[in-house]
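Shown below: run-v2.cif, with mmCIF, C-alpha atoms.
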data_query
#
loop_
_atom_site.label_atom_id
_atom_site.label_comp_id
_atom_site.auth_asym_id
_atom_site.auth_seq_id
_atom_site.Cartn_x
_atom_site.Cartn_y
_atom_site.Cartn_z
CA MET Q 7 -44.84 66.23 161.82
CA THR Q 8 -43.08 66.49 158.57
CA LYS Q 9 -42.35 70.11 159.23
CA PHE Q 10 -40.92 69.25 162.64
CA SER Q 11 -38.72 66.56 161.17
CA ILE Q 12 -37.35 68.94 158.64
CA VAL Q 13 -36.59 71.49 161.33
CA ASN Q 14 -35.09 68.78 163.46
CA LEU Q 15 -32.97 67.58 160.63
CA GLY Q 16 -32.02 71.13 159.93
CA ARG Q 17 -30.83 71.58 163.47
CA GLY Q 18 -29.04 68.31 163.55
CA GLY Q 19 -27.72 68.84 160.06
CA GLY Q 20 -26.21 72.16 161.03
CA LEU Q 21 -23.36 70.45 162.81
CA GLY Q 22 -22.93 68.07 159.94
CA ARG Q 23 -22.97 70.92 157.49
CA ARG Q 24 -20.38 72.84 159.51
CA ALA Q 25 -18.16 69.76 159.70
CA PHE Q 26 -18.54 69.18 156.00
CA THR Q 27 -17.69 72.82 155.29
CA LEU Q 28 -14.51 72.55 157.34
CA VAL Q 29 -13.45 69.50 155.32
CA GLU Q 30 -14.21 71.37 152.14
CA LEU Q 31 -12.14 74.30 153.36
CA LEU Q 32 -9.19 72.07 154.13
CA VAL Q 33 -9.46 70.47 150.70
CA VAL Q 34 -9.60 73.86 149.04
CA ILE Q 35 -6.57 75.04 151.03
CA ALA Q 36 -4.70 71.89 150.03
CA ILE Q 37 -5.60 72.42 146.38
CA ILE Q 38 -4.49 76.05 146.55
CA GLY Q 39 -1.22 74.95 148.13
CA VAL Q 40 -0.61 72.47 145.35
CA LEU Q 41 -1.42 75.08 142.72
CA ILE Q 42 0.95 77.58 144.37
CA ALA Q 43 3.67 74.94 144.48
CA LEU Q 44 3.11 74.27 140.79
CA LEU Q 45 2.94 77.92 139.83
CA LEU Q 46 5.79 79.24 141.98
CA PRO Q 47 8.60 77.94 139.72
CA ALA Q 48 6.82 79.45 136.74
CA VAL Q 49 6.48 82.78 138.55
CA GLN Q 50 10.12 82.69 139.59
CA ALA Q 51 11.15 81.81 136.04
CA ALA Q 52 9.10 84.72 134.71
CA ARG Q 53 10.72 87.08 137.21
CA GLU Q 54 14.18 85.85 136.28
CA ALA Q 55 13.36 86.26 132.59
CA ALA Q 56 12.41 89.87 133.31
CA ARG Q 57 15.60 90.41 135.31
CA ARG Q 58 17.68 88.89 132.53
CA MET Q 59 15.99 91.19 130.01
CA GLN Q 60 16.76 94.21 132.21
CA CYS Q 61 20.34 92.99 132.55
CA SER Q 62 20.55 92.78 128.77
CA ASN Q 63 19.27 96.35 128.55
CA HIS Q 64 21.98 97.55 130.94
CA LEU Q 65 24.67 95.96 128.78
CA LYS Q 66 23.11 97.57 125.72
CA GLN Q 67 23.35 100.96 127.41
CA LEU Q 68 27.02 100.41 128.23
CA ALA Q 69 27.82 99.36 124.67
CA LEU Q 70 26.04 102.41 123.28
CA ALA Q 71 27.85 104.62 125.81
CA CYS Q 72 31.14 103.32 124.43
CA HIS Q 73 30.07 104.18 120.89
CA ASN Q 74 29.05 107.66 122.02
CA HIS Q 75 32.51 108.00 123.57
CA VAL Q 76 33.99 106.95 120.22
CA ASP Q 77 31.96 109.61 118.43
CA ILE Q 78 33.35 112.51 120.47
CA THR Q 79 36.96 111.29 120.82
CA SER Q 80 37.92 110.79 117.18
CA GLY Q 81 37.34 107.06 117.26
CA GLN Q 82 38.80 106.17 120.67
CA LEU Q 83 37.24 103.64 123.04
CA PRO Q 84 37.34 104.66 126.73
CA VAL Q 85 40.58 103.90 128.45
CA GLY Q 86 40.58 100.57 130.27
CA ALA Q 87 42.58 101.72 133.25
CA ARG Q 88 44.67 104.75 134.03
CA ASP Q 89 46.98 105.13 137.00
CA TRP Q 90 45.97 101.67 138.14
CA ASN Q 91 43.53 102.14 140.94
CA PHE Q 92 42.12 105.60 140.86
CA LEU Q 93 40.33 105.67 137.50
CA SER Q 94 39.15 103.13 134.96
CA TRP Q 95 36.61 102.76 132.17
CA SER Q 96 33.77 102.93 134.72
CA SER Q 97 34.65 106.57 135.44
CA PHE Q 98 35.11 107.64 131.83
CA LEU Q 99 31.71 106.27 130.76
CA LEU Q 100 29.79 108.24 133.40
CA PRO Q 101 28.89 111.23 131.17
CA PHE Q 102 27.36 108.82 128.65
CA ILE Q 103 25.09 107.01 131.11
CA GLU Q 104 23.47 110.12 132.61
CA GLN Q 105 25.98 110.40 135.46
CA GLN Q 106 27.53 113.75 134.56
CA SER Q 107 27.21 115.06 138.11
CA LEU Q 108 29.28 112.20 139.49
CA TYR Q 109 31.84 112.62 136.71
CA SER Q 110 32.06 116.34 137.45
CA ALA Q 111 32.76 115.58 141.11
CA MET Q 112 35.89 113.64 140.13
CA LEU Q 113 39.37 114.87 139.31
CA ILE Q 114 39.85 113.45 135.83
CA ARG Q 115 43.58 113.80 135.50
CA TYR Q 116 46.70 112.17 136.81
CA GLU Q 117 47.57 113.20 140.34
CA ASP Q 118 50.72 111.99 142.00
CA CYS Q 119 50.44 110.77 145.57
CA THR Q 120 52.75 111.79 148.37
CA ASP Q 121 54.26 108.32 148.58
CA THR Q 122 56.51 108.29 145.52
CA THR Q 123 57.25 104.58 145.96
CA GLU Q 124 53.64 103.90 145.02
CA ARG Q 125 53.94 106.07 141.88
CA GLY Q 126 50.55 107.65 142.45
CA ARG Q 127 48.66 104.44 142.02
CA TYR Q 128 46.43 104.47 145.08
CA ASP Q 129 43.64 106.52 146.62
CA HIS Q 130 42.99 109.99 145.41
CA SER Q 131 40.66 111.46 148.02
CA THR Q 132 38.45 113.41 145.60
CA ASN Q 133 37.64 110.38 143.47
CA LEU Q 134 37.45 108.03 146.42
CA VAL Q 135 34.81 110.18 148.11
CA ALA Q 136 32.84 110.49 144.87
CA TRP Q 137 32.77 106.73 144.31
CA ARG Q 138 32.09 106.02 147.96
CA ASN Q 139 28.88 108.03 147.84
CA SER Q 140 27.63 106.61 144.54
CA ASN Q 141 25.32 103.85 143.41
CA ILE Q 142 24.94 103.39 139.66
CA ASN Q 143 21.96 101.30 138.67
CA VAL Q 144 23.12 100.58 135.13
CA TYR Q 145 26.29 98.92 136.48
CA THR Q 146 24.28 96.40 138.52
CA CYS Q 147 22.51 93.28 137.28
CA PRO Q 148 19.04 92.88 138.85
CA SER Q 149 19.77 89.15 139.28
CA SER Q 150 22.74 89.96 141.49
CA GLU Q 151 22.35 88.53 144.96
CA LYS Q 152 23.51 91.73 146.63
CA SER Q 153 24.62 95.24 145.83
CA LEU Q 154 28.01 95.14 147.47
CA ARG Q 155 30.84 97.58 147.99
CA TYR Q 156 34.58 97.20 147.99
CA SER Q 157 36.41 97.84 151.23
CA ALA Q 158 40.03 97.85 152.25
CA SER Q 159 38.92 97.08 155.81
CA PRO Q 160 35.64 95.11 155.68
CA ALA Q 161 35.79 94.13 159.34
CA THR Q 162 35.72 97.71 160.62
CA ASN Q 163 34.57 99.88 157.73
CA PRO Q 164 32.68 97.92 155.07
CA ASN Q 165 31.78 100.97 152.97
CA ASN Q 166 35.06 102.83 152.71
CA ALA Q 167 35.40 102.56 148.93
CA GLY Q 168 33.18 102.40 145.86
CA PRO Q 169 30.49 99.99 144.72
CA LYS Q 170 31.24 96.71 143.05
CA VAL Q 171 29.69 96.27 139.62
CA ASN Q 172 28.25 93.33 137.66
CA TYR Q 173 29.50 94.34 134.22
CA LEU Q 174 33.08 94.22 133.04
CA PRO Q 175 34.70 94.94 129.67
CA CYS Q 176 36.69 92.22 127.96
CA CYS Q 177 40.46 92.29 128.36
CA GLY Q 178 40.95 89.60 125.71
CA GLN Q 179 41.54 85.89 125.92
CA THR Q 180 44.39 85.92 128.45
CA GLY Q 181 44.48 88.02 131.61
CA VAL Q 182 45.66 91.23 133.24
CA GLY Q 183 48.70 91.88 135.37
CA PHE Q 184 52.43 91.89 135.69
CA GLY Q 185 53.97 88.80 134.20
CA THR Q 186 56.94 87.23 135.93
CA SER Q 187 58.37 83.80 135.22
CA GLY Q 188 55.10 82.60 133.71
CA CYS Q 189 54.22 85.50 131.42
CA SER Q 190 55.82 88.00 129.11
CA PHE Q 191 55.16 91.54 130.34
CA ILE Q 192 54.44 94.34 127.90
CA GLU Q 193 54.96 97.63 129.69
CA ASP Q 194 52.88 99.98 127.59
CA ASP Q 195 51.15 98.28 124.70
CA THR Q 196 47.96 100.09 123.80
CA ARG Q 197 47.45 98.03 120.64
CA MET Q 198 47.68 94.65 122.32
CA ASN Q 199 45.78 96.42 125.09
CA CYS Q 200 46.04 94.20 128.15
CA TRP Q 201 49.17 93.72 130.15
CA LEU Q 202 49.76 90.08 129.41
CA SER Q 203 51.08 88.55 126.25
CA ASN Q 204 51.79 84.87 125.76
CA PHE Q 205 49.77 83.64 128.72
CA ALA Q 206 51.96 80.63 129.32
CA ALA Q 207 51.30 77.21 130.81
CA SER Q 208 50.39 77.67 134.43
CA PRO Q 209 49.20 75.37 137.22
CA TRP Q 210 45.48 75.89 136.74
CA ALA Q 211 43.31 72.89 137.39
CA ASP Q 212 40.25 72.05 139.41
CA ALA Q 213 42.32 71.02 142.39
CA GLY Q 214 44.49 74.13 142.28
CA ALA Q 215 48.24 74.42 141.92
CA GLY Q 216 50.28 71.46 140.85
CA THR Q 217 48.70 70.51 137.54
CA VAL Q 218 49.87 72.18 134.36
CA GLU Q 219 47.21 72.74 131.75
CA GLY Q 220 49.82 73.65 129.15
CA ASP Q 221 47.52 75.93 127.18
CA ARG Q 222 49.59 78.75 125.75
CA LEU Q 223 47.74 81.73 124.31
CA ASP Q 224 48.81 84.98 122.73
CA GLN Q 225 46.90 88.11 123.67
CA LYS Q 226 46.08 89.21 120.09
CA GLY Q 227 44.27 92.33 121.09
CA ALA Q 228 41.25 93.35 123.10
CA MET Q 229 38.68 96.11 122.95
CA PHE Q 230 39.84 97.84 126.13
CA GLY Q 231 43.34 99.07 126.79
CA CYS Q 232 45.27 99.11 130.00
CA ILE Q 233 48.27 101.25 130.76
CA ALA Q 234 51.11 100.49 133.13
CA LEU Q 235 53.93 102.54 134.57
CA THR Q 236 57.40 101.48 133.51
CA ALA Q 237 60.68 101.54 135.36
CA ASN Q 238 61.60 104.69 133.42
CA ASP Q 239 58.66 106.64 134.84
CA SER Q 240 60.70 107.86 137.75
CA THR Q 241 59.61 111.50 137.86
CA ARG Q 242 56.22 113.11 138.32
CA PRO Q 243 56.23 114.81 134.89
CA LEU Q 244 57.02 111.50 133.17
CA ARG Q 245 54.22 109.74 135.05
CA ALA Q 246 51.79 112.54 134.24
CA ALA Q 247 52.73 112.35 130.56
CA ARG Q 248 52.19 108.61 130.44
CA PHE Q 249 48.68 108.91 131.85
CA ALA Q 250 47.66 111.84 129.69
CA GLU Q 251 45.04 111.09 127.04
CA PRO Q 252 44.91 109.25 124.71
CA ASN Q 253 47.32 106.84 126.44
CA GLY Q 254 45.54 103.60 127.20
CA GLN Q 255 42.69 104.30 124.82
CA VAL Q 256 42.19 101.97 121.88
CA PRO Q 257 41.15 103.17 118.43
CA ILE Q 258 38.02 101.33 117.42
CA SER Q 259 39.58 100.92 113.98
CA THR Q 260 42.06 98.39 115.44
CA ILE Q 261 39.25 95.87 116.05
CA THR Q 262 40.18 94.06 112.86
CA ASP Q 263 38.12 90.93 113.58
CA GLY Q 264 34.93 92.98 113.28
CA LEU Q 265 32.78 94.50 115.99
CA SER Q 266 30.10 91.82 115.68
CA ASN Q 267 32.75 89.13 116.25
CA THR Q 268 34.34 90.66 119.35
CA VAL Q 269 32.98 90.71 122.90
CA MET Q 270 32.85 94.13 124.52
CA PHE Q 271 31.14 93.55 127.92
CA SER Q 272 29.87 90.64 129.95
CA GLU Q 273 28.99 89.88 133.55
CA THR Q 274 30.77 89.17 136.80
CA VAL Q 275 29.52 88.30 140.27
CA GLN Q 276 29.61 90.34 143.43
CA VAL Q 277 31.05 88.21 146.19
CA GLU Q 278 30.09 89.12 149.73
CA ASN Q 279 32.94 90.15 151.99
CA ASN Q 280 33.91 87.31 154.27
CA THR Q 281 36.10 88.43 157.14
CA SER Q 282 37.07 84.84 157.89
CA TYR Q 283 39.15 85.06 154.70
CA SER Q 284 40.33 88.61 155.20
CA THR Q 285 39.70 91.54 157.49
CA THR Q 286 41.84 93.84 155.35
CA ALA Q 287 40.37 93.63 151.83
CA SER Q 288 37.23 92.67 149.95
CA ASP Q 289 36.94 90.08 147.22
CA ILE Q 290 38.23 92.00 144.22
CA ARG Q 291 35.81 90.85 141.52
CA GLY Q 292 33.72 93.70 140.14
CA ASP Q 293 35.76 96.36 141.91
CA THR Q 294 36.38 98.89 139.14
CA TYR Q 295 37.79 101.40 141.59
CA ARG Q 296 40.95 99.33 141.60
CA GLY Q 297 41.55 99.96 137.93
CA ALA Q 298 42.96 96.97 136.12
CA GLU Q 299 42.71 94.42 138.89
CA GLY Q 300 39.03 93.56 139.25
CA ALA Q 301 37.75 95.66 136.36
CA PHE Q 302 37.98 93.21 133.45
CA PHE Q 303 36.92 89.72 132.45
CA SER Q 304 38.67 87.25 130.17
CA THR Q 305 37.40 84.69 127.67
CA TYR Q 306 40.16 82.25 128.62
CA TYR Q 307 37.58 80.04 130.36
CA GLU Q 308 33.95 79.60 129.39
CA PRO Q 309 31.16 81.46 131.28
CA ASN Q 310 30.39 80.23 134.81
CA SER Q 311 33.48 78.05 134.65
CA ARG Q 312 34.26 75.71 137.52
CA GLN Q 313 37.87 76.69 136.98
CA PRO Q 314 38.55 79.28 139.68
CA ASP Q 315 39.10 82.96 139.03
CA ASN Q 316 42.58 84.17 139.91
CA THR Q 317 42.93 87.41 141.85
CA GLY Q 318 46.70 87.44 141.54
CA LEU Q 319 47.13 89.72 144.56
CA GLY Q 320 46.93 87.50 147.60
CA TYR Q 321 44.35 85.40 149.40
CA SER Q 322 42.88 88.50 151.00
CA HIS Q 323 41.33 89.40 147.62
CA CYS Q 324 39.75 86.00 147.05
CA HIS Q 325 36.77 85.13 149.28
CA GLN Q 326 35.41 81.96 147.64
CA ARG Q 327 37.97 79.24 148.18
CA PRO Q 328 37.31 75.61 149.08
CA VAL Q 329 38.23 74.36 152.50
CA SER Q 330 40.16 71.57 150.82
CA GLY Q 331 40.18 69.57 147.63
CA SER Q 332 37.89 70.32 144.71
CA TYR Q 333 36.31 73.60 143.66
CA ASN Q 334 33.18 71.86 142.39
CA GLY Q 335 31.17 72.77 145.47
CA VAL Q 336 32.21 76.44 145.48
CA LYS Q 337 29.65 78.76 143.91
CA TYR Q 338 32.06 81.43 142.69
CA PRO Q 339 35.45 79.68 142.79
CA CYS Q 340 38.54 81.79 143.26
CA TRP Q 341 42.16 81.13 144.16
CA ILE Q 342 45.58 82.74 144.09
CA TYR Q 343 48.68 81.78 142.20
CA SER Q 344 52.03 83.40 142.87
CA TYR Q 345 52.40 85.03 139.46
CA TYR Q 346 51.04 88.57 139.51
CA TYR Q 347 48.11 88.35 137.11
CA VAL Q 348 44.35 88.56 137.32
CA LEU Q 349 42.05 86.29 135.34
CA ILE Q 350 38.30 86.66 135.91
CA SER Q 351 35.82 84.59 133.92
CA ALA Q 352 32.37 85.81 132.90
CA ARG Q 353 29.90 84.77 135.64
CA SER Q 354 26.29 85.50 136.49
CA ASN Q 355 23.32 84.37 138.55
CA HIS Q 356 21.30 83.65 135.41
CA VAL Q 357 20.55 80.00 134.79
CA GLY Q 358 22.75 78.46 132.12
CA GLY Q 359 24.96 81.32 131.05
CA VAL Q 360 25.69 85.04 130.90
CA ASN Q 361 24.66 88.07 128.90
CA ALA Q 362 27.33 89.60 126.68
CA ALA Q 363 27.46 92.78 124.61
CA LEU Q 364 29.32 92.61 121.32
CA GLY Q 365 31.28 95.44 119.81
CA ASP Q 366 28.47 96.34 117.43
CA GLY Q 367 26.16 97.06 120.39
CA SER Q 368 24.09 93.88 120.15
CA VAL Q 369 23.54 91.79 123.27
CA ARG Q 370 23.43 88.00 123.28
CA PHE Q 371 22.90 85.32 125.90
CA VAL Q 372 25.96 83.06 125.94
CA THR Q 373 25.44 79.57 127.32
CA GLU Q 374 28.00 78.13 129.71
CA THR Q 375 28.37 75.14 127.40
CA ILE Q 376 29.89 77.26 124.62
CA SER Q 377 33.05 75.75 123.19
CA ARG Q 378 36.33 77.34 124.25
CA SER Q 379 37.37 77.27 120.61
CA VAL Q 380 34.56 79.77 119.98
CA TRP Q 381 34.55 81.75 123.24
CA ARG Q 382 38.28 82.48 123.36
CA PRO Q 383 38.59 84.06 119.88
CA LEU Q 384 35.55 86.22 120.63
CA GLY Q 385 37.65 87.93 123.31
CA ALA Q 386 40.54 88.63 120.92
CA ALA Q 387 40.15 91.61 118.60
CA GLN Q 388 42.99 90.90 116.19
CA ASP Q 389 43.44 87.12 115.91
CA GLY Q 390 41.91 86.78 112.45
CA ILE Q 391 39.73 83.83 113.46
CA PRO Q 392 36.25 84.26 111.92
CA VAL Q 393 34.04 83.09 114.78
CA ALA Q 394 30.62 84.33 115.81
CA LEU Q 395 28.18 83.46 118.56
CA PRO Q 396 25.84 80.64 117.52
#
The structure in this file should be written as structure tokens.
Amino acid sequence: MTKFSIVNLGRGGGLGRRAFTLVELLVVIAIIGVLIALLLPAVQAAREAARRMQCSNHLKQLALACHNHVDITSGQLPVGARDWNFLSWSSFLLPFIEQQSLYSAMLIRYEDCTDTTERGRYDHSTNLVAWRNSNINVYTCPSSEKSLRYSASPATNPNNAGPKVNYLPCCGQTGVGFGTSGCSFIEDDTRMNCWLSNFAASPWADAGAGTVEGDRLDQKGAMFGCIALTANDSTRPLRAARFAEPNGQVPISTITDGLSNTVMFSETVQVENNTSYSTTASDIRGDTYRGAEGAFFSTYYEPNSRQPDNTGLGYSHCHQRPVSGSYNGVKYPCWIYSYYYVLISARSNHVGGVNAALGDGSVRFVTETISRSVWRPLGAAQDGIPVALP
């Protein structure tokens, strides 16, 4: 009888046991879900820390490439931009980042274009094809949302130019471009390096044009030179002579503030082409193919600033503008002002700041809360202000 009862209970208990097991399973699944929810941010943070470390390593490689360039060119840093749009620093560093084959595929000299009114500043087919077919890992931050490419016609041919990059050299504490009524233009100043001097009061504010910040800055040098054609460069031989080396290159000896006190490289963002803004041109940030336009960053504003970048070339080159009102809700704010200058702040997808390589080759993480009184002088190479990253 006892044996029968046990068997009976065993049979009856089977259903109970199965029901109890199902409850246990649900509890275990719920616990696992909670643990995953708790661990996921930690895993994501660990992955981002690894990406940030790899990003730092890329900047280190670029800084060392610049020093290798200095070693074989009698102390000259690579030219910032030559002939505007067809070559820039990103081409001249290729042999030093294990990209000799790509460098060899390019025509590394000034070539006049058939349209003399453009003074040879636009596409050279040899270099355009070489850049179009390239992807350079060391120029891309692993935290970048996308690996994008610049296009002059994103609606119909999104890959008709070269890749955008995430690392830009510092053009100083002002900006790059032709100054008009708001800026004093220096035609060919390889010591002051960038094209703007005396970046004057301009209507930059969170709401856009109409509010004058009144913050006048002198250029006071930068680590990377730019070179511009002047009105006197009316013949092909004169233009070729202006772009011949070492024009545009900056002697490293002119970095009088000290290499450890001057920013060499930092980060920018790659903004996805948005044809609702323009069907004729990409967002220009990170486009080194276009020489001195999207190829530099400035320390005028702090990293990840809510103050918008200025493309200086027209709304077609700026794809992150607010519908109306404030820029506070725009992830990578950008706008256009009528003066012909470009001012791009350091930006990244890292939480809280950007990586930056100093002139001595060291790489630091710069928080977006850094004081402008510290960040701005770090972009100037000859201002005599003894500042260092905290």
Inset, instruction - Evaluate the PyMOL selection byres ((chain Q and resi 379-388) around 9) here and jot the selected residues down as number ranges by chain. - result: Q: 176-180, 198, 225-229, 260-265, 267-270, 304-309, 364, 376-378, 389-395
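Interatomic distance, CA of Gln326 (chain Q) to CA of Asn63 (chain Q): 28.8 Å.
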Legend entry - Reference answer for the PyMOL selection byres ((chain Q and resi 71-79) around 12), as number ranges by chain: Q: 64-70, 80-86, 95-105, 144, 175, 229-230, 251-252, 255-259, 265, 270-271, 363-368
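Residues surrounding region 276-290 of chain Q within 6 Å are Tyr156, Ser157, Ala158, Ser159, Pro160, Ala161, Gly300, Ser322, His323, Cys324 and His325 of chain Q [only C-alpha atoms; sequence separation below 4 positions excluded].
Taking CA of Cys340 (chain Q) as the reference point, CA of Thr317 (chain Q) is found at 7.3 Å.
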Please determine an axis-aligned box that encloses all atoms of region 301-306 of chain Q listed in the file, with 8 Å added on each side, and express its centre and edge lengths in Å to one decimal as lines of an AutoDock Vina configuration file.
center_x = 38.5
center_y = 89.0
center_z = 132.0
size_x = 19.2
size_y = 29.4
size_z = 24.7
Legend entry - Point (27.4, 93.7, 140.8), cut-off 10 Å, counting only C-alpha atoms, residues as JSON, numbers by chain: {"Q": [143, 144, 145, 146, 147, 148, 149, 150, 151, 152, 153, 154, 155, 169, 170, 171, 172, 173, 174, 273, 274, 275, 276, 277, 291, 292, 293, 354]}
